Amino acid sequence: MTRLYGRLAKINIKNNHRFYLPYLLTGMLSAAMFYLVLAMVDNPGLAKMTGGAEIALILALGVFVIGVFVSIFLFYTNSFIIKRRKKELGVYNILGMEKKHIAKVLFLETLFTAVVSISGGLAFGILFQKFLTMLLYRLMQVEQSIPFYISATAYANTVKLFLLIYGASLLYNLMQMKLSNPIELLHGSNAGEREPKTKLLMTIIGLATLGGGYYIALTVRDAMNAILMFFVAVLLVIAGTYCLFTAGSIAFLKLLRKNKGYYYRPRHFTTVSGMIYRMKQNAVGLANICILSTMVLVTVSTTVAMYAGMEDSLIGMYPEEISVDTYFSELPEQKDAVSGVVRDSLAASGRTILIEKGCLYANFTVLRQGTDLTLRKSGSDYDSDQITILKLLTPEGYEAYTGEPLGCELLPGEAAVAANPLYEEDTINVEGMAYTVKKNLTLPMDAEGQLSLMSGTCCLVLPDETAMNELFGVFRENWDQERVDPRFVYEMSLETDGTNEEKITAENALAEAVSSWEETNAQSVYGYKWSKVTGRAQNRYGAYALYGGMFFLGLFLGLMFLMVTVLIIFYKQISEGYEDKERFAIMQKVGMSSAEVKHAIRSQVLTVFFLPLVAAVIHVAMAFPMITLMLEAISLTNVRLFAWCVAGTALIFGIIYLAVFLLTSRTYYKIVGNQV
């Protein structure tokens with residue numbers, strides 16, 4: 001008897017290969033992707049490299065996303081297959097098989113599917129593990145040998161997860177069979193043929209939530225708010241997409257049907273009436289395709305832009321190749337105390353200083369209300385738009401900081417204001433100190449990158465260091481005692497010759513030299529607190545590790561989202577083919593010509609198929625300003641680069657989408673048969 005059940009299970013899978021083959025392939029790819037990322041997290045060499053901890057964290061996030069996503073998707077695909085097979089199971093029941101016998105057949109089918117998918121996925125993952133690890137290392141600019149190894153942890157966790165997924169799918173199938181009688185099973189695949197109702201409330205909710213998400217994306221003005229509000233906007237857009245595809249599309253089509261002059265024409269009549277049923281049956285699938293397409297476009301284009309613009313981000317985060325910041329509690333008498341140590345150390349490392357600049361400044365976080373700037377107190381209520389980072393400078397410091405001369409002479413009581421956005425008033429009051437604004441300047445973009453990400457930055461240029469110290473004293477008197485005491489900072493900025501490796505060696509030696517100097521000489525310098533050495537070359541490998549890992553994960557997740565999108569499209573085409581076969585046969589029987597039937601089919605298929613892609617492109621276009629602001633948070637201000645990445649990703653995805661349409665349409669037309 002067991003052999004009979006096994007033979008039936010094999011025959012069922014073979015007869016339904018059109019459904020099961022994509023399901024098996026998707027299960028194998030999902031298992032392979034889960035194993036690959038988990039194995040890379042478990043890679044013993046990852047923890048030893050620069051930035052390895054950050055990459056492990058990013059990949060761990062990818063493991064979680066992939067695990068959740070494939071669980072939902074494989075369960076969704078299984079529910080589609082069992083719906084298409086309900087008629088077949090009903091026939092078995094009517095022919096005399098009890099439900100417990102059908103349950104055994106379903107168990108063997110699921111077991112076969114699980115074994116093939118898990119074993120095939122693990123074999124594929126193990127085979128390509130080294131190749132993908134090499135790709136990750138290449139993106140991270142890491143030169144390291146990669147031994148072949150099999151991660152026992154990744155292997156075991158992959159088996160556990162996918163056994164759980166297929167076990168849950170089997171329970172769902174058994175529950176569907178148990179709760180249905182044979183007549184329901186026979187007609188299960190044809191359920192839901194009544195005309196859908198117009199859900200006005202859901203349509204209004206969809207418009208409101210989608211409009212709310214778009215409004216947030218288009219009106220947010222700074223990077224911090226963009227980061228905080230991004231997921232709110234995403235959730236609103238997802239909710240709006242599902243509501244509008246489910247209810248809004250049907251409401252719109254019914255409005256067209258009420259327009260008698262438009263509706264009662266042969267082409268419009270068949271197209272609109274057919275679309276009403278199509279949207280009812282496929283609304284959730286189309287919304288899924290739209291959301292997944294949006295995720296592909298956003299994920300891939302953003303990570304590509306981050307990786308391609310990494311050097312711009314590095315320059316934004318570290319405007320100077322080497323920066324030595326010396327902190328003082330008072331106006332220093334010897335502000336360049338460590339400059340000699342810096343020059344000697346770089347010379348000892350064989351580096352030649354090409355450019356050297358020095359700038360004394362003090363930073364304060366203030367609230368701006370009109371012409372008044374006041375200290376921000378901890379625990380006080382304020383509007384985030386009022387926050388301004390105030391930098392006190394002298395004319396010489398301004399020129400060193402921005403690379404541009406001030407262009408005017410300042411007298412006592414006068415100041416120049418360089419701000420972003422431009423400060424346009426004639427006076428400015430800072431913590432009760434009033435100044436006449438002699439010149440208003442726009443803060444250069446490269447200098448802005450050194451300041452806070454909060455909305456508003458302002459450089460207050462005072463006549464000399466004495467005026468700086470006077471205002472510094474006022475700030476210190478009114479200072480919130482719960483915060484770190486205010487400091488003067490002397491920033492020494494340098495550019496040197498040498499390769500990236502030579503610069504890293506020089507920067508490490510410089511940090512050690514400054515630290516050694518502090519231990520013996522710091523007490524002899526008036527007001528001296530500490531010094532900090534920052535090098536762009538030191539941080540380049542970390543940036544490559546971080547951005548390379550995100551780029552790798554973005555491509556990986558993009559591939560997964562694309563795979564799911566393709567499979568949903570494939571199953572949608574099959575489902576519509578079986579449903580349309582009888583519908584279009586009836587159309588011909590009631591008098592429609594073959595040409596009219598063909599036109600109705602192609603019109604409906606094209607509209608339904610490309611509607612999600614159009615909606616996804618609109619979503620990305622609306623999200624563009626918000627994502628641009630978020631990229632500014634990592635100093636990627638090259639909007640043109642991001643725009644090209646979005647356009648290129650959309651073009652490539654559009655080509656793939658079209659290819660999928662052409663391939664899956666063949667399956668659809670084979671099912672519909674001679675109707676087309």
# chains A, B, ... in the order shown; residues from 1 in each chain; ligands from 1
$ select_by_dssp --residues "region 473-587 of chain A" --states "strand (DSSP E)" --output "ChimeraX atom specification"
/A:488-496,528-535
$ write_last_selection --atoms "all heavy atoms" --output "CSV table (one decimal), in the first residue's frame"
chain,number,residue,atom,x,y,z
A,488,PHE,N,37.6,74.9,22.9
A,488,PHE,CA,38.2,75.4,21.7
A,488,PHE,C,38.9,74.3,21.0
A,488,PHE,O,39.4,73.4,21.6
A,488,PHE,CB,39.3,76.5,22.0
A,488,PHE,CG,38.7,77.9,22.2
A,488,PHE,CD1,38.6,78.4,23.5
A,488,PHE,CD2,38.3,78.6,21.2
A,488,PHE,CE1,38.1,79.7,23.7
A,488,PHE,CE2,37.8,79.9,21.3
A,488,PHE,CZ,37.7,80.4,22.6
A,489,VAL,N,38.9,74.3,19.7
A,489,VAL,CA,39.5,73.2,18.9
A,489,VAL,C,40.4,73.9,17.8
A,489,VAL,O,40.0,74.8,17.1
A,489,VAL,CB,38.4,72.3,18.2
A,489,VAL,CG1,39.1,71.2,17.4
A,489,VAL,CG2,37.4,71.8,19.1
A,490,TYR,N,41.7,73.4,17.8
A,490,TYR,CA,42.6,73.8,16.7
A,490,TYR,C,42.7,72.6,15.8
A,490,TYR,O,43.2,71.5,16.2
A,490,TYR,CB,43.9,74.2,17.3
A,490,TYR,CG,44.9,74.7,16.2
A,490,TYR,CD1,44.7,75.9,15.6
A,490,TYR,CD2,45.9,73.8,15.7
A,490,TYR,CE1,45.5,76.3,14.6
A,490,TYR,CE2,46.7,74.3,14.7
A,490,TYR,CZ,46.5,75.5,14.1
A,490,TYR,OH,47.4,75.9,13.1
A,491,GLU,N,42.2,72.8,14.6
A,491,GLU,CA,42.3,71.7,13.6
A,491,GLU,C,43.4,71.9,12.6
A,491,GLU,O,43.5,72.9,11.9
A,491,GLU,CB,41.0,71.6,12.8
A,491,GLU,CG,40.9,70.5,11.8
A,491,GLU,CD,39.6,70.5,11.0
A,491,GLU,OE1,38.6,70.1,11.6
A,491,GLU,OE2,39.6,70.9,9.8
A,492,MET,N,44.3,71.0,12.6
A,492,MET,CA,45.5,71.0,11.7
A,492,MET,C,45.1,70.0,10.6
A,492,MET,O,45.0,68.8,10.8
A,492,MET,CB,46.7,70.6,12.4
A,492,MET,CG,48.0,70.7,11.6
A,492,MET,SD,49.5,70.3,12.6
A,492,MET,CE,50.8,70.6,11.4
A,493,SER,N,45.0,70.5,9.3
A,493,SER,CA,44.7,69.7,8.2
A,493,SER,C,45.8,69.5,7.2
A,493,SER,O,46.5,70.5,6.9
A,493,SER,CB,43.5,70.3,7.4
A,493,SER,OG,42.4,70.5,8.3
A,494,LEU,N,46.1,68.3,6.8
A,494,LEU,CA,47.3,68.0,5.9
A,494,LEU,C,46.9,67.1,4.8
A,494,LEU,O,46.0,66.3,4.9
A,494,LEU,CB,48.4,67.4,6.7
A,494,LEU,CG,48.8,68.1,8.0
A,494,LEU,CD1,48.4,67.3,9.2
A,494,LEU,CD2,50.3,68.3,8.0
A,495,GLU,N,47.6,67.3,3.7
A,495,GLU,CA,47.6,66.4,2.5
A,495,GLU,C,49.1,65.9,2.3
A,495,GLU,O,50.0,66.7,2.4
A,495,GLU,CB,47.1,67.1,1.3
A,495,GLU,CG,45.7,67.6,1.3
A,495,GLU,CD,44.7,66.6,1.2
A,495,GLU,OE1,45.0,65.5,0.6
A,495,GLU,OE2,43.5,66.8,1.6
A,496,THR,N,49.3,64.6,2.1
A,496,THR,CA,50.6,64.1,1.9
A,496,THR,C,50.7,63.2,0.7
A,496,THR,O,49.7,62.9,0.0
A,496,THR,CB,51.0,63.2,3.1
A,496,THR,OG1,50.2,62.0,3.1
A,496,THR,CG2,50.8,63.9,4.5
A,528,TYR,N,45.4,72.8,27.6
A,528,TYR,CA,45.4,71.6,26.8
A,528,TYR,C,44.6,70.5,27.4
A,528,TYR,O,44.7,70.2,28.6
A,528,TYR,CB,46.8,71.2,26.5
A,528,TYR,CG,46.9,69.9,25.6
A,528,TYR,CD1,47.0,70.1,24.2
A,528,TYR,CD2,47.0,68.6,26.1
A,528,TYR,CE1,47.1,69.0,23.4
A,528,TYR,CE2,47.1,67.5,25.3
A,528,TYR,CZ,47.1,67.7,24.0
A,528,TYR,OH,47.2,66.6,23.2
A,529,LYS,N,43.8,69.8,26.6
A,529,LYS,CA,43.0,68.7,27.0
A,529,LYS,C,43.4,67.4,26.4
A,529,LYS,O,43.9,66.4,27.0
A,529,LYS,CB,41.5,68.9,26.8
A,529,LYS,CG,40.9,69.9,27.7
A,529,LYS,CD,40.9,69.4,29.2
A,529,LYS,CE,40.3,70.3,30.2
A,529,LYS,NZ,40.4,69.8,31.5
A,530,TRP,N,43.3,67.3,25.1
A,530,TRP,CA,43.7,66.1,24.4
A,530,TRP,C,43.8,66.4,22.9
A,530,TRP,O,43.3,67.4,22.4
A,530,TRP,CB,42.8,64.9,24.6
A,530,TRP,CG,41.4,65.0,24.0
A,530,TRP,CD1,41.0,64.8,22.7
A,530,TRP,CD2,40.2,65.5,24.7
A,530,TRP,NE1,39.7,65.0,22.5
A,530,TRP,CE2,39.2,65.5,23.7
A,530,TRP,CE3,39.9,66.0,25.9
A,530,TRP,CZ2,37.9,65.9,24.0
A,530,TRP,CZ3,38.7,66.4,26.3
A,530,TRP,CH2,37.6,66.4,25.3
A,531,SER,N,44.3,65.4,22.1
A,531,SER,CA,44.4,65.5,20.6
A,531,SER,C,43.9,64.3,20.0
A,531,SER,O,43.9,63.2,20.6
A,531,SER,CB,45.8,65.8,20.2
A,531,SER,OG,46.3,67.0,20.6
A,532,LYS,N,43.3,64.4,18.8
A,532,LYS,CA,42.7,63.3,18.1
A,532,LYS,C,43.2,63.3,16.7
A,532,LYS,O,43.1,64.3,16.0
A,532,LYS,CB,41.2,63.3,18.1
A,532,LYS,CG,40.5,62.2,17.4
A,532,LYS,CD,39.0,62.3,17.5
A,532,LYS,CE,38.5,63.4,16.6
A,532,LYS,NZ,37.0,63.5,16.6
A,533,VAL,N,43.8,62.2,16.2
A,533,VAL,CA,44.2,62.1,14.8
A,533,VAL,C,43.2,61.3,14.0
A,533,VAL,O,42.8,60.2,14.4
A,533,VAL,CB,45.6,61.4,14.8
A,533,VAL,CG1,46.1,61.2,13.3
A,533,VAL,CG2,46.6,62.1,15.6
A,534,THR,N,42.8,61.8,12.9
A,534,THR,CA,41.9,61.2,12.0
A,534,THR,C,42.5,61.1,10.6
A,534,THR,O,42.9,62.2,10.1
A,534,THR,CB,40.5,61.9,12.0
A,534,THR,OG1,40.0,62.0,13.3
A,534,THR,CG2,39.5,61.1,11.1
A,535,GLY,N,42.5,60.0,10.0
A,535,GLY,CA,43.0,59.8,8.6
A,535,GLY,C,42.0,59.2,7.7
A,535,GLY,O,41.3,58.3,8.0
$ closest_residue --among "A:Lys439, A:Ile389, A:Thr299, A:Phe112" --to "Thr649 (chain A)" --atoms "only C-alpha atoms"
A:Thr299
$ select_by_dssp --residues "region 358-408 of chain A" --states "helix (DSSP H, G or I)" --output "PyMOL selection string"
chain A and resi 384-386+395-402
$ closest_residue --among "A:Phe64, A:Tyr149, A:Phe162, A:Tyr423" --to "Gly27 (chain A)" --atoms "only C-alpha atoms"
A:Phe162
$ residues_around --residues "Leu161 (chain A)" --least-positions-apart "5" --cutoff "9 Å" --atoms "only C-alpha atoms" --output "list in words"
Ala31, Gly67, Ser71, Ala156 and Tyr166 of chain A
$ write_last_selection --atoms "C-alpha atoms" --output "PDB file, in the first residue's frame"
ATOM      1  CA  ALA A  31      17.701  27.274   0.482  1.00  0.00           C
ATOM      2  CA  GLY A  67      14.534  33.746   6.262  1.00  0.00           C
ATOM      3  CA  SER A  71       9.057  31.462   4.609  1.00  0.00           C
ATOM      4  CA  ALA A 156      21.959  22.660  10.196  1.00  0.00           C
ATOM      5  CA  TYR A 166       7.460  22.566   4.325  1.00  0.00           C
TER       6      TYR A 166
END
$ residues_around --residues "Leu36 (chain A)" --least-positions-apart "3" --cutoff "10 Å" --atoms "only C-alpha atoms" --output "MDAnalysis selection string"
chainID A and resid 30:33 39:42 63 121:122 124:130 132:133 151 154:155 158
$ atom_distance --atom1 "CA of Leu21 (chain A)" --atom2 "CA of Thr77 (chain A)"
11.9 Å
$ atom_distance --atom1 "CA of Leu163 (chain A)" --atom2 "CA of Leu59 (chain A)"
22.5 Å
$ atom_distance --atom1 "CA of Met175 (chain A)" --atom2 "CA of Leu25 (chain A)"
25.4 Å
$ residues_around --residues "Asn288 (chain A)" --least-positions-apart "3" --cutoff "10 Å" --atoms "only C-alpha atoms" --output "ChimeraX atom specification"
/A:238,241-242,245,282-285,291-294,564-565,568-569,612
$ residues_around --residues "region 546-551 of chain A" --least-positions-apart "4" --cutoff "8 Å" --atoms "only C-alpha atoms" --output "PyMOL selection string"
chain A and resi 51+54-55+58-59+136+139-140+300+303-304+306-307+310+542+555
$ closest_residue --among "A:Thr457, A:Thr203, A:Asn429, A:Asn16" --to "Lys391 (chain A)" --atoms "only C-alpha atoms"
A:Thr457
$ closest_residue --among "A:Thr352, A:Thr371, A:Thr637, A:Ser323" --to "Ser339 (chain A)" --atoms "only C-alpha atoms"
A:Ser323
$ closest_residue --among "A:Ala114, A:Ala217, A:Ala650, A:Ala633" --to "Val617 (chain A)" --atoms "only C-alpha atoms"
A:Ala650
